[in-house]
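One file, start_0.txt, is given below (compact mmCIF, C-alpha atoms and all ligand atoms).
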```
# COMPACT_ATOMS: atom_id res chain seq x y z
CA MET A 1 157.10 171.50 42.78
CA LYS A 2 157.01 172.66 46.41
CA LEU A 3 157.09 169.04 47.49
CA MET A 4 160.21 168.30 45.45
CA GLU A 5 162.02 171.35 46.89
CA GLN A 6 161.26 170.01 50.36
CA ILE A 7 162.67 166.59 49.37
CA TRP A 8 165.85 168.15 47.86
CA ASN A 9 166.41 170.04 51.12
CA LEU A 10 165.91 166.87 53.16
CA ALA A 11 168.41 165.03 50.93
CA ARG A 12 170.99 167.81 51.42
CA SER A 13 170.56 167.74 55.20
CA ASN A 14 172.21 164.27 55.47
CA LYS A 15 173.97 163.51 52.20
CA LYS A 16 173.93 159.90 50.94
CA LYS A 17 175.77 158.01 48.19
CA ILE A 18 173.58 156.74 45.35
CA VAL A 19 174.60 154.45 42.47
CA LEU A 20 173.25 155.04 38.96
CA ALA A 21 173.48 151.69 37.16
CA GLU A 22 173.01 153.13 33.66
CA GLY A 23 176.14 155.27 33.84
CA GLU A 24 176.72 155.39 30.09
CA GLU A 25 173.25 156.79 29.37
CA GLU A 26 173.03 160.48 28.38
CA ARG A 27 170.14 161.63 30.64
CA THR A 28 171.90 159.88 33.51
CA LEU A 29 175.11 161.83 32.85
CA LYS A 30 173.27 165.16 32.75
CA ALA A 31 171.43 164.23 35.94
CA CYS A 32 174.72 163.30 37.61
CA GLU A 33 176.13 166.79 37.03
CA LYS A 34 172.97 168.44 38.42
CA ILE A 35 172.80 166.15 41.47
CA ILE A 36 176.43 166.84 42.40
CA SER A 37 176.30 170.57 41.74
CA ASN A 38 173.13 170.87 43.85
CA LYS A 39 174.70 168.76 46.64
CA ILE A 40 171.74 166.36 46.63
CA ALA A 41 173.83 163.17 46.82
CA ASP A 42 177.24 161.68 46.08
CA ILE A 43 177.12 159.62 42.90
CA VAL A 44 178.66 156.39 41.61
CA LEU A 45 178.19 155.77 37.88
CA VAL A 46 178.31 152.16 36.71
CA GLY A 47 179.84 151.64 33.26
CA ASP A 48 182.97 151.81 31.15
CA GLU A 49 184.99 154.86 32.21
CA ASN A 50 186.20 155.62 28.65
CA ILE A 51 182.69 155.57 27.23
CA ILE A 52 181.33 157.63 30.14
CA ARG A 53 184.04 160.31 29.83
CA GLU A 54 183.74 160.49 26.05
CA LYS A 55 179.94 160.91 26.20
CA ALA A 56 180.21 163.46 29.01
CA SER A 57 182.70 165.50 27.03
CA LYS A 58 180.44 165.45 23.92
CA LEU A 59 177.50 166.58 26.08
CA GLY A 60 179.58 169.21 27.87
CA VAL A 61 178.79 167.52 31.17
CA ASN A 62 181.14 167.99 34.13
CA LEU A 63 181.53 164.75 36.10
CA ASN A 64 183.82 166.16 38.80
CA GLY A 65 183.07 164.43 42.09
CA ALA A 66 181.43 161.35 40.55
CA GLU A 67 182.96 157.92 41.11
CA ILE A 68 182.93 155.39 38.27
CA GLU A 69 182.79 151.59 38.65
CA ASN A 70 183.19 149.29 35.68
CA PRO A 71 181.47 145.97 36.47
CA GLN A 72 183.75 144.13 34.03
CA THR A 73 187.02 145.19 35.71
CA SER A 74 186.10 146.39 39.22
CA ALA A 75 188.27 145.30 42.15
CA LYS A 76 184.99 144.49 43.94
CA LEU A 77 183.94 141.90 41.36
CA SER A 78 185.13 138.79 43.19
CA THR A 79 183.65 139.91 46.54
CA TYR A 80 180.31 140.59 44.87
CA ALA A 81 180.38 137.28 42.97
CA ASN A 82 181.17 135.30 46.16
CA GLU A 83 178.48 137.07 48.14
CA PHE A 84 175.91 136.64 45.35
CA TYR A 85 176.77 132.94 45.14
CA GLU A 86 176.23 132.57 48.92
CA LEU A 87 172.88 134.40 48.72
CA ARG A 88 171.54 132.43 45.75
CA LYS A 89 173.19 128.98 45.90
CA LYS A 90 169.95 127.45 47.18
CA LYS A 91 168.32 128.77 44.02
CA GLY A 92 170.77 126.85 41.80
CA ILE A 93 173.39 129.57 41.30
CA THR A 94 176.92 128.18 40.81
CA PRO A 95 180.13 130.21 41.38
CA GLU A 96 180.55 130.42 37.57
CA LYS A 97 177.02 131.74 37.09
CA ALA A 98 177.47 134.21 39.96
CA ASP A 99 180.63 135.60 38.36
CA LYS A 100 178.74 136.16 35.09
CA ILE A 101 175.60 137.60 36.67
CA VAL A 102 177.31 140.24 38.84
CA ARG A 103 178.97 141.72 35.72
CA ASP A 104 175.49 142.85 34.67
CA PRO A 105 175.34 146.56 35.64
CA ILE A 106 172.02 146.26 37.54
CA TYR A 107 173.14 143.19 39.51
CA PHE A 108 176.52 144.85 40.16
CA ALA A 109 174.83 148.02 41.44
CA THR A 110 172.41 145.96 43.55
CA MET A 111 175.37 144.18 45.17
CA MET A 112 176.89 147.61 45.94
CA VAL A 113 173.69 148.43 47.83
CA LYS A 114 173.55 145.06 49.58
CA LEU A 115 177.15 145.30 50.83
CA GLY A 116 176.81 148.94 51.94
CA ASP A 117 179.22 150.43 49.38
CA VAL A 118 176.41 152.85 48.48
CA ASP A 119 173.20 153.86 50.24
CA GLY A 120 170.74 153.38 47.38
CA LEU A 121 170.23 152.57 43.69
CA VAL A 122 168.39 154.37 40.90
CA SER A 123 167.98 152.92 37.40
CA GLY A 124 165.38 152.24 34.73
CA ALA A 125 165.94 154.94 32.08
CA VAL A 126 166.85 152.05 29.77
CA HIS A 127 165.85 148.88 31.64
CA THR A 128 162.28 147.74 32.40
CA THR A 129 160.72 147.77 35.89
CA GLY A 130 161.17 143.99 36.12
CA ASP A 131 164.86 144.17 35.07
CA LEU A 132 165.53 146.59 37.90
CA LEU A 133 163.32 145.22 40.67
CA ARG A 134 164.04 141.50 40.27
CA PRO A 135 167.73 141.75 41.38
CA GLY A 136 166.61 143.95 44.27
CA LEU A 137 163.95 141.45 45.31
CA GLN A 138 166.46 138.58 45.11
CA ILE A 139 169.39 140.30 46.81
CA VAL A 140 168.35 143.25 49.01
CA LYS A 141 164.94 141.79 49.94
CA THR A 142 162.32 143.37 52.19
CA ALA A 143 162.93 145.40 55.33
CA PRO A 144 162.31 143.59 58.64
CA GLY A 145 158.58 143.29 59.34
CA VAL A 146 157.59 144.14 55.75
CA SER A 147 156.06 141.31 53.71
CA VAL A 148 156.06 142.87 50.29
CA VAL A 149 157.92 145.43 48.21
CA SER A 150 155.46 147.85 46.65
CA SER A 151 155.41 151.31 45.13
CA THR A 152 153.77 154.67 45.55
CA PHE A 153 153.38 157.84 43.52
CA LEU A 154 153.56 161.23 45.21
CA MET A 155 150.80 163.17 43.45
CA GLU A 156 150.90 166.95 43.62
CA VAL A 157 147.63 168.24 42.19
CA PRO A 158 147.55 171.96 41.31
CA ASN A 159 144.74 174.16 42.71
CA CYS A 160 143.33 171.29 44.74
CA ASP A 161 142.11 171.06 48.33
CA TYR A 162 141.85 167.26 48.50
CA GLY A 163 144.40 165.32 50.50
CA ASP A 164 147.06 167.45 52.13
CA LYS A 165 146.50 170.69 50.14
CA GLY A 166 146.64 168.75 46.87
CA VAL A 167 149.37 166.29 47.93
CA LEU A 168 148.29 162.64 47.98
CA LEU A 169 150.07 159.28 47.81
CA PHE A 170 148.68 156.57 45.48
CA ALA A 171 149.65 152.90 45.94
CA ASP A 172 150.39 150.37 44.56
CA CYS A 173 150.55 151.64 40.99
CA ALA A 174 153.63 149.83 39.67
CA VAL A 175 154.67 146.54 41.33
CA ASN A 176 152.15 143.99 42.64
CA PRO A 177 149.63 142.97 39.98
CA LEU A 178 147.16 141.23 42.30
CA PRO A 179 147.94 141.70 46.01
CA ASP A 180 146.15 139.40 48.45
CA GLU A 181 144.62 140.84 51.62
CA ASN A 182 147.85 140.53 53.64
CA GLN A 183 149.87 142.17 50.88
CA LEU A 184 147.29 144.94 50.55
CA ALA A 185 147.55 145.59 54.29
CA SER A 186 151.35 145.73 53.99
CA ILE A 187 151.09 148.19 51.06
CA ALA A 188 148.82 150.43 53.19
CA ILE A 189 151.29 150.48 56.09
CA SER A 190 154.34 151.05 53.87
CA THR A 191 152.61 153.93 52.10
CA ALA A 192 151.67 155.56 55.40
CA GLU A 193 155.34 155.38 56.41
CA THR A 194 156.41 156.86 53.06
CA ALA A 195 153.92 159.71 53.50
CA LYS A 196 155.46 160.58 56.87
CA LYS A 197 159.06 160.26 55.74
CA LEU A 198 159.01 161.96 52.35
CA CYS A 199 156.14 164.44 52.69
CA GLY A 200 156.07 165.06 56.45
CA ILE A 201 152.30 164.59 56.49
CA ASP A 202 150.05 162.83 58.99
CA PRO A 203 148.84 159.87 56.89
CA LYS A 204 145.11 159.16 56.59
CA VAL A 205 144.88 155.94 54.60
CA ALA A 206 141.79 155.04 52.55
CA MET A 207 141.46 151.42 51.38
CA LEU A 208 139.67 151.97 48.07
CA SER A 209 136.84 149.89 46.67
CA PHE A 210 133.66 150.25 44.63
CA SER A 211 131.81 149.93 47.94
CA THR A 212 131.64 152.13 51.05
CA LYS A 213 131.04 150.47 54.41
CA GLY A 214 129.00 147.56 53.09
CA SER A 215 127.11 149.37 50.32
CA ALA A 216 127.98 146.52 47.92
CA LYS A 217 128.65 142.81 48.43
CA HIS A 218 131.34 141.01 46.45
CA ASP A 219 134.45 138.90 47.02
CA LEU A 220 136.54 141.84 45.76
CA VAL A 221 135.01 144.06 48.45
CA ASP A 222 135.64 141.39 51.12
CA LYS A 223 139.34 141.43 50.21
CA VAL A 224 139.53 145.17 50.90
CA VAL A 225 137.53 144.84 54.14
CA ASN A 226 139.86 142.07 55.37
CA ALA A 227 142.99 143.98 54.34
CA THR A 228 141.72 146.99 56.29
CA LYS A 229 141.23 144.87 59.43
CA ILE A 230 144.70 143.34 59.10
CA ALA A 231 146.36 146.74 58.68
CA GLN A 232 144.40 148.29 61.57
CA LYS A 233 145.33 145.39 63.85
CA ALA A 234 149.02 145.51 62.86
CA ARG A 235 149.28 149.29 63.26
CA PRO A 236 146.63 150.70 65.62
CA ASP A 237 148.69 153.90 65.77
CA LEU A 238 147.90 154.68 62.10
CA LYS A 239 144.66 156.12 60.70
CA ILE A 240 143.52 153.47 58.20
CA ASP A 241 139.90 152.96 57.12
CA GLY A 242 137.95 151.08 54.49
CA GLU A 243 136.36 149.90 52.46
CA LEU A 244 135.75 153.34 50.93
CA GLN A 245 134.85 154.64 47.50
CA LEU A 246 137.07 157.37 46.13
CA ASP A 247 134.52 160.17 46.69
CA ALA A 248 133.85 159.05 50.26
CA SER A 249 137.61 159.04 50.85
CA ILE A 250 138.38 162.60 49.79
CA VAL A 251 135.12 164.63 49.77
CA GLU A 252 133.89 165.66 53.26
CA SER A 253 130.24 166.06 52.23
CA VAL A 254 130.12 162.56 50.71
CA ALA A 255 132.01 161.09 53.66
CA SER A 256 129.52 162.53 56.16
CA LEU A 257 126.71 160.70 54.33
CA LYS A 258 128.43 157.42 53.49
CA ALA A 259 131.00 156.93 56.27
CA PRO A 260 130.06 159.13 59.24
CA GLY A 261 132.44 158.96 62.20
CA SER A 262 135.45 157.79 60.19
CA ASP A 263 138.76 159.49 61.02
CA VAL A 264 139.86 158.98 57.39
CA ALA A 265 136.81 159.40 55.14
CA GLY A 266 136.64 162.85 53.56
CA LYS A 267 140.24 163.60 54.64
CA ALA A 268 142.30 160.81 53.06
CA ASN A 269 145.77 161.72 51.77
CA VAL A 270 146.91 158.13 51.09
CA LEU A 271 144.85 156.13 48.57
CA VAL A 272 145.44 152.36 48.46
CA PHE A 273 144.06 150.78 45.30
CA PRO A 274 142.83 147.16 45.36
CA ASP A 275 145.07 145.99 42.51
CA LEU A 276 147.64 147.17 39.97
CA GLN A 277 145.15 147.72 37.13
CA ALA A 278 143.13 150.16 39.27
CA GLY A 279 146.24 151.84 40.70
CA ASN A 280 148.10 152.28 37.45
CA ILE A 281 145.02 153.60 35.62
CA GLY A 282 144.07 155.80 38.59
CA TYR A 283 147.36 157.68 38.88
CA LYS A 284 147.54 158.25 35.11
CA LEU A 285 143.98 159.65 35.10
CA VAL A 286 144.87 162.22 37.75
CA GLN A 287 148.24 162.98 36.12
CA ARG A 288 146.63 163.67 32.73
CA PHE A 289 143.20 165.15 33.53
CA ALA A 290 144.18 167.14 36.63
CA LYS A 291 147.68 167.96 35.29
CA ALA A 292 149.14 166.59 38.52
CA GLN A 293 152.85 166.11 38.98
CA ALA A 294 153.35 162.37 39.57
CA ILE A 295 156.65 161.65 41.33
CA GLY A 296 157.50 157.96 41.16
CA PRO A 297 157.05 155.10 41.13
CA ILE A 298 158.83 155.18 44.49
CA SER A 299 159.62 151.72 45.79
CA GLN A 300 158.86 151.01 49.42
CA GLY A 301 159.53 148.03 51.64
CA PHE A 302 163.06 147.21 50.42
CA ALA A 303 165.65 146.75 53.19
CA LYS A 304 167.64 149.50 51.38
CA PRO A 305 166.23 151.90 48.79
CA ILE A 306 166.08 150.94 45.12
CA ASN A 307 164.08 153.08 42.72
CA ASP A 308 162.91 152.65 39.19
CA LEU A 309 162.68 155.31 36.45
CA SER A 310 160.29 155.49 33.57
CA ARG A 311 162.01 154.86 30.23
CA GLY A 312 160.50 158.15 29.04
CA CYS A 313 162.07 160.04 31.97
CA SER A 314 163.83 163.39 31.62
CA PHE A 315 167.15 164.08 33.34
CA ASP A 316 165.24 166.22 35.85
CA ASP A 317 163.10 163.17 36.71
CA ILE A 318 166.32 161.25 37.45
CA VAL A 319 167.51 164.08 39.73
CA ASN A 320 164.21 163.96 41.62
CA VAL A 321 164.18 160.17 42.02
CA VAL A 322 167.77 160.31 43.31
CA ALA A 323 166.70 162.93 45.88
CA VAL A 324 163.82 160.67 47.00
CA THR A 325 166.16 157.66 47.23
CA ALA A 326 168.68 159.66 49.26
CA VAL A 327 165.96 160.65 51.77
CA GLN A 328 164.74 157.04 52.01
CA ALA A 329 168.33 156.02 52.76
CA GLN A 330 168.47 158.37 55.75
CA GLY A 331 166.83 155.63 57.85
N1 LIG A 401 157.89 141.85 47.30
C1 LIG A 401 158.85 141.07 47.85
N2 LIG A 401 159.41 140.03 47.20
C2 LIG A 401 158.94 139.76 45.96
C3 LIG A 401 157.93 140.52 45.33
C4 LIG A 401 157.40 141.61 46.06
N3 LIG A 401 156.46 142.41 45.54
N4 LIG A 401 157.71 140.02 44.09
C5 LIG A 401 158.54 138.97 43.93
N5 LIG A 401 159.29 138.82 45.06
C6 LIG A 401 160.39 137.89 45.29
C7 LIG A 401 160.04 136.45 45.05
O1 LIG A 401 159.61 135.85 46.24
C8 LIG A 401 161.37 135.89 44.57
O2 LIG A 401 162.23 135.67 45.65
P1 LIG A 401 163.27 134.43 45.59
O3 LIG A 401 163.84 134.39 44.21
O4 LIG A 401 164.31 134.76 46.63
O5 LIG A 401 162.46 133.23 45.90
C9 LIG A 401 162.01 137.03 43.79
O6 LIG A 401 161.36 138.22 44.28
C10 LIG A 401 161.79 136.96 42.31
O7 LIG A 401 160.44 136.61 42.13
P2 LIG A 401 159.81 136.38 40.72
O8 LIG A 401 158.44 135.80 40.91
O9 LIG A 401 160.76 135.64 39.84
O10 LIG A 401 159.72 137.85 40.20
P3 LIG A 401 158.79 138.32 39.12
O11 LIG A 401 159.25 137.80 37.82
O12 LIG A 401 157.36 138.12 39.50
O13 LIG A 401 159.09 139.88 39.16
C11 LIG A 401 158.13 141.97 39.52
C12 LIG A 401 158.64 140.70 40.19
C13 LIG A 401 159.12 142.43 38.51
C14 LIG A 401 157.97 143.06 40.52
C15 LIG A 401 156.76 141.61 38.86
O14 LIG A 401 155.80 141.45 39.85
C16 LIG A 401 156.28 142.62 37.87
O15 LIG A 401 156.67 142.59 36.69
N6 LIG A 401 155.35 143.54 38.31
C17 LIG A 401 154.71 144.49 37.41
C18 LIG A 401 155.67 145.58 37.00
C19 LIG A 401 155.04 146.40 35.94
O16 LIG A 401 155.03 146.03 34.78
N7 LIG A 401 154.51 147.58 36.35
C20 LIG A 401 153.79 148.46 35.50
C21 LIG A 401 154.69 149.43 34.82
S1 LIG A 401 155.38 150.63 35.89
C22 LIG A 401 154.55 152.09 35.60
O17 LIG A 401 153.67 152.19 34.81
C23 LIG A 401 154.92 153.24 36.38
```
Go through the file and emit its structure as structure tokens.
Amino acid sequence: MKLMEQIWNLARSNKKKIVLAEGEEERTLKACEKIISNKIADIVLVGDENIIREKASKLGVNLNGAEIENPQTSAKLSTYANEFYELRKKKGITPEKADKIVRDPIYFATMMVKLGDVDGLVSGAVHTTGDLLRPGLQIVKTAPGVSVVSSTFLMEVPNCDYGDKGVLLFADCAVNPLPDENQLASIAISTAETAKKLCGIDPKVAMLSFSTKGSAKHDLVDKVVNATKIAQKARPDLKIDGELQLDASIVESVASLKAPGSDVAGKANVLVFPDLQAGNIGYKLVQRFAKAQAIGPISQGFAKPINDLSRGCSFDDIVNVVAVTAVQAQG
């Protein structure tokens, strides 16, 4: 929890405005009250004001300070529809379709982010990952110089010396099913940047494989080797090494045998998995067996921050993801 306290304090130091697209949802309303009372961010709730106020009153939730935008009646609707039409007309969107699409709460909230009416978006307590990310990918797109939107989990492992005193970042565990070598390199660089920004740690990035420094030969290993070279060439200022097995990445004694001389092996605090199956299984193993706190998935690489929630999230999870999004929005 120390890590989250640090992120809350960072969010408070330069307060941002975050939109919650599922404004009629109960955990979202409880989270809204906690975010505002703890001065983590300013909040816009998307939804029908009558429904929101009625639910809040039943829950005993105080929404003082929150703004509410109804995508069906908002004064911003025509601006958002026009802008969405301009952005997507080459993809077959007509003005009529644009007007219908931006009334969807997630598209509406994504347009708020795109046009700078808010600094970031959090949603996904009800919607799937795809429902949330697709509008972001279509409208907000990637930050300059970033080829792919990806995700990371901040893992805080209790009683653990690996990584940065038990803090490690795992990527990509939620977005790209089968990244190619260029995408894998981009994921490594984005995750290193996230490690610096959110955790204040000096990133040491291990490109994970079932091989360490040529111990096995396979096309899958070649992909990781090539991704490592691409990332190292693009960002010589970062410590990135591979291909490395997990033990060689985090255990000094194994690293000294299998990857001597590496500035990452044995000390890695950022673990880049070769694909989504490995990443998703890997973070859940550590979360369950090591009882680690897994904060995320945190999206990275968007031009402006958009973050997904798990549908099983608690209202405290929403508060934490909003704090992360607010820090990402600080630029
Ligand atoms: N980065 C940047 N742009 C992208 C990316 C990406 N990773 N993926 C797609 N795009 C772009 C496309 O180029 C396209 O742009 P365009 O319309 O302007 O041409 C747009 O986004 C939409 O692309 P689609 O191919 O239609 O999007 P898709 O249907 O593939 O959805 C998504 C993308 C939702 C991220 C998909 O890859 C996905 O479902 N990933 C897995 C999510 C998941 O199920 N995760 C596991 C659960 S999460 C958990 O357990 C914590």
Write as an MDAnalysis selection string the residues around ligand LIG 401 (chain A), taking 7 Å as the cut-off and counting only C-alpha atoms and all ligand atoms.
chainID A and resid 129:131 133:134 137:138 141:142 147:150 173:177 280 297 310
Produce a file of the selected residues containing C-alpha atoms, as a PDB file, in the frame of the given file.
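The new file selection12.pdb reads:
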```
ATOM      1  CA  THR A 129     160.720 147.770  35.890  1.00  0.00           C
ATOM      2  CA  GLY A 130     161.170 143.990  36.120  1.00  0.00           C
ATOM      3  CA  ASP A 131     164.860 144.170  35.070  1.00  0.00           C
ATOM      4  CA  LEU A 133     163.320 145.220  40.670  1.00  0.00           C
ATOM      5  CA  ARG A 134     164.040 141.500  40.270  1.00  0.00           C
ATOM      6  CA  LEU A 137     163.950 141.450  45.310  1.00  0.00           C
ATOM      7  CA  GLN A 138     166.460 138.580  45.110  1.00  0.00           C
ATOM      8  CA  LYS A 141     164.940 141.790  49.940  1.00  0.00           C
ATOM      9  CA  THR A 142     162.320 143.370  52.190  1.00  0.00           C
ATOM     10  CA  SER A 147     156.060 141.310  53.710  1.00  0.00           C
ATOM     11  CA  VAL A 148     156.060 142.870  50.290  1.00  0.00           C
ATOM     12  CA  VAL A 149     157.920 145.430  48.210  1.00  0.00           C
ATOM     13  CA  SER A 150     155.460 147.850  46.650  1.00  0.00           C
ATOM     14  CA  CYS A 173     150.550 151.640  40.990  1.00  0.00           C
ATOM     15  CA  ALA A 174     153.630 149.830  39.670  1.00  0.00           C
ATOM     16  CA  VAL A 175     154.670 146.540  41.330  1.00  0.00           C
ATOM     17  CA  ASN A 176     152.150 143.990  42.640  1.00  0.00           C
ATOM     18  CA  PRO A 177     149.630 142.970  39.980  1.00  0.00           C
ATOM     19  CA  ASN A 280     148.100 152.280  37.450  1.00  0.00           C
ATOM     20  CA  PRO A 297     157.050 155.100  41.130  1.00  0.00           C
ATOM     21  CA  SER A 310     160.290 155.490  33.570  1.00  0.00           C
TER      22      SER A 310
END
```
Kindly indicate which residue among A:Ile35, A:Met4, A:Ala185, A:Ala125 lies nearest to Ala234 in chain A, using all atoms listed in the file for the distances.
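Ranked by minimum distance to Ala234 in chain A, first place goes to A:Ala185.
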Would you work out the distance separating CA of Glu33 in chain A from CA of Lys114 in chain A, expressed in Å to one decimal?
25.2 Å
Name all residues at most 12 Å from Lys258 in chain A (count all atoms listed in the file; drop same-chain ones fewer than 2 positions away) and give them as JSON, numbers by chain.
{"A": [211, 212, 213, 214, 215, 242, 243, 244, 245, 246, 247, 248, 249, 250, 251, 252, 253, 254, 255, 256, 260, 261, 262, 265, 266]}
Go ahead and save the residues from that selection, with C-alpha atoms, as a compact mmCIF listing (two decimals), keeping the file's coordinate frame.
```
# COMPACT_ATOMS: atom_id res chain seq x y z
CA SER A 211 131.81 149.93 47.94
CA THR A 212 131.64 152.13 51.05
CA LYS A 213 131.04 150.47 54.41
CA GLY A 214 129.00 147.56 53.09
CA SER A 215 127.11 149.37 50.32
CA GLY A 242 137.95 151.08 54.49
CA GLU A 243 136.36 149.90 52.46
CA LEU A 244 135.75 153.34 50.93
CA GLN A 245 134.85 154.64 47.50
CA LEU A 246 137.07 157.37 46.13
CA ASP A 247 134.52 160.17 46.69
CA ALA A 248 133.85 159.05 50.26
CA SER A 249 137.61 159.04 50.85
CA ILE A 250 138.38 162.60 49.79
CA VAL A 251 135.12 164.63 49.77
CA GLU A 252 133.89 165.66 53.26
CA SER A 253 130.24 166.06 52.23
CA VAL A 254 130.12 162.56 50.71
CA ALA A 255 132.01 161.09 53.66
CA SER A 256 129.52 162.53 56.16
CA PRO A 260 130.06 159.13 59.24
CA GLY A 261 132.44 158.96 62.20
CA SER A 262 135.45 157.79 60.19
CA ALA A 265 136.81 159.40 55.14
CA GLY A 266 136.64 162.85 53.56
```
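In this comparison, which uses all atoms listed in the file, the residue of A:Thr152, A:Ser314, A:Thr228, A:Thr79 approaching Gln183 in chain A most closely is A:Thr228.
Residues lying within 9 Å of Val157 in chain A, counting only C-alpha atoms and ignoring same-chain neighbours fewer than 6 positions away, are A:Lys165, A:Gly166, A:Val167, A:Leu168, A:Val286, A:Gln287, A:Ala290, A:Lys291, A:Ala292, A:Gln293, A:Ala294.
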Create the file for the chosen residues now, containing C-alpha atoms and written as a short mmCIF file (atom, residue, chain, number, x, y, z; two decimals), in the coordinates of the input.
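This went into selection-v5.cif:
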```cif
data_model
loop_
_atom_site.label_atom_id
_atom_site.label_comp_id
_atom_site.auth_asym_id
_atom_site.auth_seq_id
_atom_site.Cartn_x
_atom_site.Cartn_y
_atom_site.Cartn_z
CA LYS A 165 146.50 170.69 50.14
CA GLY A 166 146.64 168.75 46.87
CA VAL A 167 149.37 166.29 47.93
CA LEU A 168 148.29 162.64 47.98
CA VAL A 286 144.87 162.22 37.75
CA GLN A 287 148.24 162.98 36.12
CA ALA A 290 144.18 167.14 36.63
CA LYS A 291 147.68 167.96 35.29
CA ALA A 292 149.14 166.59 38.52
CA GLN A 293 152.85 166.11 38.98
CA ALA A 294 153.35 162.37 39.57
#
```
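Note that CA of Val322 in chain A and CA of Gly163 in chain A are 25.0 Å apart.
What separates CA of Tyr107 in chain A from CA of Asn50 in chain A is a distance of 21.0 Å.
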Counting only C-alpha atoms, which residue out of A:His218, A:Lys58, A:Arg288, A:Arg103 sits closest to Tyr80 in chain A?
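Between A:His218, A:Lys58, A:Arg288, A:Arg103, the residue approaching Tyr80 in chain A most closely is A:Arg103.
Considering the residues A:Ser123, A:Leu154, A:Asn64, A:Ile230 and counting all atoms listed in the file, Thr28 in chain A has its shortest atom-to-atom contact with A:Ser123.
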Which residue is closest to Leu121 in chain A? Choose from A:Lys17, A:Lys223, A:Lys90, A:Lys267 and count all atoms listed in the file.
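Looking at the shortest contact to Leu121 in chain A, the residue is A:Lys17.
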Taking only C-alpha atoms into account, name the residue in A:Asp202, A:Asp164, A:Glu24, A:Glu83 that is nearest to Leu115 in chain A.
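That would be A:Glu83, the residue with the smallest distance to Leu115 in chain A.
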Write out as a PDB file with C-alpha atoms, in the frame of the given file the residues lying within 10 Å of Ile106 in chain A, counting all atoms listed in the file and excluding same-chain residues fewer than 6 positions away.
```
ATOM      1  CA  VAL A  19     174.600 154.450  42.470  1.00  0.00           C
ATOM      2  CA  LEU A  20     173.250 155.040  38.960  1.00  0.00           C
ATOM      3  CA  ALA A  21     173.480 151.690  37.160  1.00  0.00           C
ATOM      4  CA  GLU A  22     173.010 153.130  33.660  1.00  0.00           C
ATOM      5  CA  VAL A  46     178.310 152.160  36.710  1.00  0.00           C
ATOM      6  CA  PRO A  71     181.470 145.970  36.470  1.00  0.00           C
ATOM      7  CA  MET A 112     176.890 147.610  45.940  1.00  0.00           C
ATOM      8  CA  LEU A 121     170.230 152.570  43.690  1.00  0.00           C
ATOM      9  CA  VAL A 122     168.390 154.370  40.900  1.00  0.00           C
ATOM     10  CA  SER A 123     167.980 152.920  37.400  1.00  0.00           C
ATOM     11  CA  GLY A 124     165.380 152.240  34.730  1.00  0.00           C
ATOM     12  CA  HIS A 127     165.850 148.880  31.640  1.00  0.00           C
ATOM     13  CA  ASP A 131     164.860 144.170  35.070  1.00  0.00           C
ATOM     14  CA  LEU A 132     165.530 146.590  37.900  1.00  0.00           C
ATOM     15  CA  LEU A 133     163.320 145.220  40.670  1.00  0.00           C
ATOM     16  CA  ARG A 134     164.040 141.500  40.270  1.00  0.00           C
ATOM     17  CA  PRO A 135     167.730 141.750  41.380  1.00  0.00           C
ATOM     18  CA  GLY A 136     166.610 143.950  44.270  1.00  0.00           C
TER      19      GLY A 136
END
```
Quick one: residues within 8 Å of (146.0, 144.2, 39.3) (file frame), counting all atoms listed in the file, please, as number ranges by chain.
A: 176-179, 274-279
